Amino acid sequence: MKEKKDIKVTVVIPVYNKRDYVETCLRSVLNQRFDGLEVVAVDDGSTDESGDICDTLACEYPALRVIHVENGGVTAARRIGVEAARGEYITFVDSDDRMTEGGIEILYKAIEETGADEVVASYKTHHGDVVTTGITGFADTSWMLRELLASRARFCVLWAVIFRRGLLKGCLNSPRTIRSGEDILMQIMCLVKCPKVYFITNVVYEYTVDLPNDRRINLEEQRAYDECLGKVLQPIWDEMRPYFILRQLKQYENFIAAGKFDVLDKYYRPLRRQLSRDIPLSDRIAILLPPALAYIPIKLRKLLNR
């Protein structure tokens, strides 16, 4: 086993019931030609053969460590992986995705050469479609926060990103209730610290699209998300308050698009008293209309924005 001083980058991979994908994922990382790599796979209580596949590969690849834990959710699995990591830099891979050839080296060189706390790269889908912002150089973290809160960010937030290890401290503590957008919340926690963030256009990651999942929008989760996010944004609340409200409006529109009209009275009606000119007119209209009337324009806008 390599000593700690030899490890430059740790790749953290949370694994839960991905037996059809996890071997391909792990090999895409472990076969990288990069000296100073370790991979920490956290088996989050898988009930299929995913954990066994990880253990078998660990016998083949000394750079792979496998941690088996009771199911605690993806954020907890990532946190466990980061706590076990020995590298100066951390990057994440989902167990149904892949790193592209040379991706680790590209990320490492970029963060070393720029002195950034975080480097954001580009990715492609498993169909070969490249997704990139076209941005290069250091980015304004306030702009990144606004884009994330407004649900219009076109940059990677967790995978295809390399982090200086210290930046992640305290950023992987969101409650298990939050199952959707947990990666965005983690990135927001990082950005509130005002790190140096550098963008590159290189493709370093392959994302598998259209996989089924059991995540369904629910009000309990959104309440928890709003509470957690509000606390995170407190140091910059005056600047970010309109964007926090805009994020709530976007989530409300998701509920309406799903036909869940009762959420207005259960949670979102107070937003009608918090609207300002900072909020786009279309979003103000959506919350002011009766839910049944707002349904059609909301659905139409979502279709047009695909």
# chains A, B, ... in the order shown; residues from 1 in each chain; ligands from 1
$ select_by_dssp --residues "segment 30-105 of chain A" --states "strand (DSSP E)" --output "PyMOL selection string"
chain A and resi 37-44+64-69+89-92+98-99
$ closest_atom_pairs --of "segment 223-247 of chain A" --to "segment 177-193 of chain A" --cutoff "8 Å" --atoms "only C-alpha atoms" --output "JSON lines"
{"residue": "A:Ala224", "atom": "CA", "partner": "A:Ile178", "partner_atom": "CA", "distance": 6.9}
{"residue": "A:Tyr225", "atom": "CA", "partner": "A:Ile178", "partner_atom": "CA", "distance": 6.3}
{"residue": "A:Leu229", "atom": "CA", "partner": "A:Leu185", "partner_atom": "CA", "distance": 7.1}
{"residue": "A:Val232", "atom": "CA", "partner": "A:Met189", "partner_atom": "CA", "distance": 6.4}
{"residue": "A:Leu233", "atom": "CA", "partner": "A:Val192", "partner_atom": "CA", "distance": 7.1}
{"residue": "A:Pro235", "atom": "CA", "partner": "A:Val192", "partner_atom": "CA", "distance": 7.8}
{"residue": "A:Ile236", "atom": "CA", "partner": "A:Val192", "partner_atom": "CA", "distance": 7.7}
$ residues_around --residues "Tyr205 of chain A" --least-positions-apart "3" --cutoff "8 Å" --atoms "only C-alpha atoms" --output "list in words"
Asp97, Arg98, Met99, Thr100, Gly103, Ser122, Tyr123, Lys124, Trp159 and Ala160 of chain A
$ residues_around --residues "segment 289-294 of chain A" --least-positions-apart "6" --cutoff "10 Å" --atoms "only C-alpha atoms" --output "number ranges by chain"
A: 252-253, 255-257, 259-264
$ write_last_selection --atoms "N, CA, C and O atoms" --output "tab-separated table (two decimals), in the first residue's frame"
chain	number	residue	atom	x	y	z
A	252	TYR	N	-41.76	24.97	-6.53
A	252	TYR	CA	-43.23	25.03	-6.58
A	252	TYR	C	-43.73	24.69	-7.98
A	252	TYR	O	-44.68	23.91	-8.14
A	253	GLU	N	-43.08	25.23	-8.99
A	253	GLU	CA	-43.49	24.95	-10.37
A	253	GLU	C	-43.32	23.46	-10.70
A	253	GLU	O	-44.11	22.90	-11.46
A	255	PHE	N	-43.74	21.03	-8.59
A	255	PHE	CA	-44.90	20.39	-7.98
A	255	PHE	C	-46.15	20.56	-8.85
A	255	PHE	O	-46.91	19.61	-9.08
A	256	ILE	N	-46.36	21.78	-9.33
A	256	ILE	CA	-47.54	22.04	-10.15
A	256	ILE	C	-47.48	21.23	-11.44
A	256	ILE	O	-48.48	20.65	-11.88
A	257	ALA	N	-46.31	21.16	-12.05
A	257	ALA	CA	-46.14	20.37	-13.27
A	257	ALA	C	-46.44	18.89	-13.03
A	257	ALA	O	-46.86	18.18	-13.94
A	259	GLY	N	-48.78	17.96	-11.06
A	259	GLY	CA	-50.19	17.89	-10.70
A	259	GLY	C	-50.47	17.94	-9.22
A	259	GLY	O	-51.59	17.63	-8.78
A	260	LYS	N	-49.49	18.38	-8.42
A	260	LYS	CA	-49.67	18.45	-6.97
A	260	LYS	C	-50.07	19.86	-6.57
A	260	LYS	O	-49.27	20.65	-6.06
A	261	PHE	N	-51.33	20.17	-6.79
A	261	PHE	CA	-51.82	21.53	-6.60
A	261	PHE	C	-51.96	21.92	-5.13
A	261	PHE	O	-52.00	23.11	-4.80
A	262	ASP	N	-52.05	20.95	-4.23
A	262	ASP	CA	-52.30	21.24	-2.82
A	262	ASP	C	-51.11	21.88	-2.11
A	262	ASP	O	-51.25	22.39	-1.01
A	263	VAL	N	-49.91	21.86	-2.75
A	263	VAL	CA	-48.73	22.39	-2.07
A	263	VAL	C	-48.81	23.90	-1.87
A	263	VAL	O	-48.12	24.44	-1.00
A	264	LEU	N	-49.63	24.58	-2.64
A	264	LEU	CA	-49.76	26.03	-2.46
A	264	LEU	C	-50.22	26.35	-1.05
A	264	LEU	O	-49.62	27.16	-0.35
$ residues_around --residues "Leu107 of chain A" --least-positions-apart "6" --cutoff "8 Å" --atoms "only C-alpha atoms" --output "tab-separated table (two decimals) with N, CA, C and O atoms, in the first residue's frame"
chain	number	residue	atom	x	y	z
A	119	VAL	N	-11.65	22.91	-9.53
A	119	VAL	CA	-11.62	23.01	-10.99
A	119	VAL	C	-12.85	22.30	-11.54
A	119	VAL	O	-13.14	21.15	-11.19
A	121	ALA	N	-14.71	20.94	-14.91
A	121	ALA	CA	-14.47	20.53	-16.29
A	121	ALA	C	-15.79	20.29	-17.01
A	121	ALA	O	-16.87	20.64	-16.53
A	161	VAL	N	-15.50	17.46	-11.46
A	161	VAL	CA	-14.97	18.57	-10.66
A	161	VAL	C	-13.92	17.98	-9.71
A	161	VAL	O	-14.12	16.90	-9.15
A	162	ILE	N	-12.82	18.69	-9.52
A	162	ILE	CA	-11.83	18.29	-8.53
A	162	ILE	C	-11.75	19.36	-7.46
A	162	ILE	O	-11.76	20.56	-7.77
A	204	VAL	N	-13.87	15.22	-19.16
A	204	VAL	CA	-13.19	14.27	-18.27
A	204	VAL	C	-14.13	13.20	-17.72
A	204	VAL	O	-13.68	12.32	-16.98
$ residues_around --residues "Asp278 of chain A" --least-positions-apart "6" --cutoff "12 Å" --atoms "only C-alpha atoms" --output "number ranges by chain"
A: 146, 150, 239-246, 284
$ write_last_selection --atoms "N, CA, C and O atoms" --output "compact mmCIF listing (two decimals), in the first residue's frame"
# COMPACT_ATOMS: atom_id res chain seq x y z
N ARG A 146 -25.78 32.26 -7.92
CA ARG A 146 -27.04 32.74 -8.50
C ARG A 146 -27.56 31.77 -9.54
O ARG A 146 -28.77 31.50 -9.62
N ALA A 150 -31.09 29.72 -9.20
CA ALA A 150 -32.11 30.02 -10.21
C ALA A 150 -32.41 28.82 -11.09
O ALA A 150 -33.20 28.93 -12.04
N GLU A 239 -27.66 39.41 -0.22
CA GLU A 239 -27.42 39.28 -1.66
C GLU A 239 -28.21 38.15 -2.28
O GLU A 239 -28.75 38.27 -3.39
N MET A 240 -28.35 37.04 -1.56
CA MET A 240 -28.91 35.82 -2.14
C MET A 240 -30.39 35.59 -1.85
O MET A 240 -30.99 34.66 -2.40
N ARG A 241 -30.99 36.43 -1.01
CA ARG A 241 -32.39 36.21 -0.64
C ARG A 241 -33.31 36.11 -1.86
O ARG A 241 -34.14 35.20 -1.94
N PRO A 242 -33.22 37.03 -2.86
CA PRO A 242 -34.12 36.90 -4.02
C PRO A 242 -33.92 35.59 -4.78
O PRO A 242 -34.89 35.03 -5.31
N TYR A 243 -32.69 35.09 -4.79
CA TYR A 243 -32.41 33.86 -5.52
C TYR A 243 -32.86 32.63 -4.73
O TYR A 243 -33.26 31.62 -5.31
N PHE A 244 -32.84 32.75 -3.40
CA PHE A 244 -33.39 31.70 -2.55
C PHE A 244 -34.90 31.58 -2.80
O PHE A 244 -35.44 30.49 -2.96
N ILE A 245 -35.57 32.73 -2.87
CA ILE A 245 -37.01 32.73 -3.16
C ILE A 245 -37.27 32.19 -4.56
O ILE A 245 -38.22 31.42 -4.78
N LEU A 246 -36.42 32.57 -5.51
CA LEU A 246 -36.58 32.07 -6.88
C LEU A 246 -36.44 30.55 -6.92
O LEU A 246 -37.20 29.88 -7.62
N ARG A 284 -43.26 34.97 -11.19
CA ARG A 284 -44.22 35.68 -10.35
C ARG A 284 -45.64 35.33 -10.75
O ARG A 284 -46.51 35.11 -9.90
$ closest_residue --among "A:Lys250, A:Arg86, A:Lys302, A:Arg33" --to "Gly166 of chain A" --atoms "only C-alpha atoms"
A:Arg86
$ closest_residue --among "A:Pro280, A:Pro14, A:Gly128, A:Gly115" --to "Arg164 of chain A" --atoms "only C-alpha atoms"
A:Gly115
$ residues_around --residues "Glu88 of chain A" --least-positions-apart "4" --cutoff "7 Å" --atoms "only C-alpha atoms" --output "PyMOL selection string"
chain A and resi 8-9+164-165
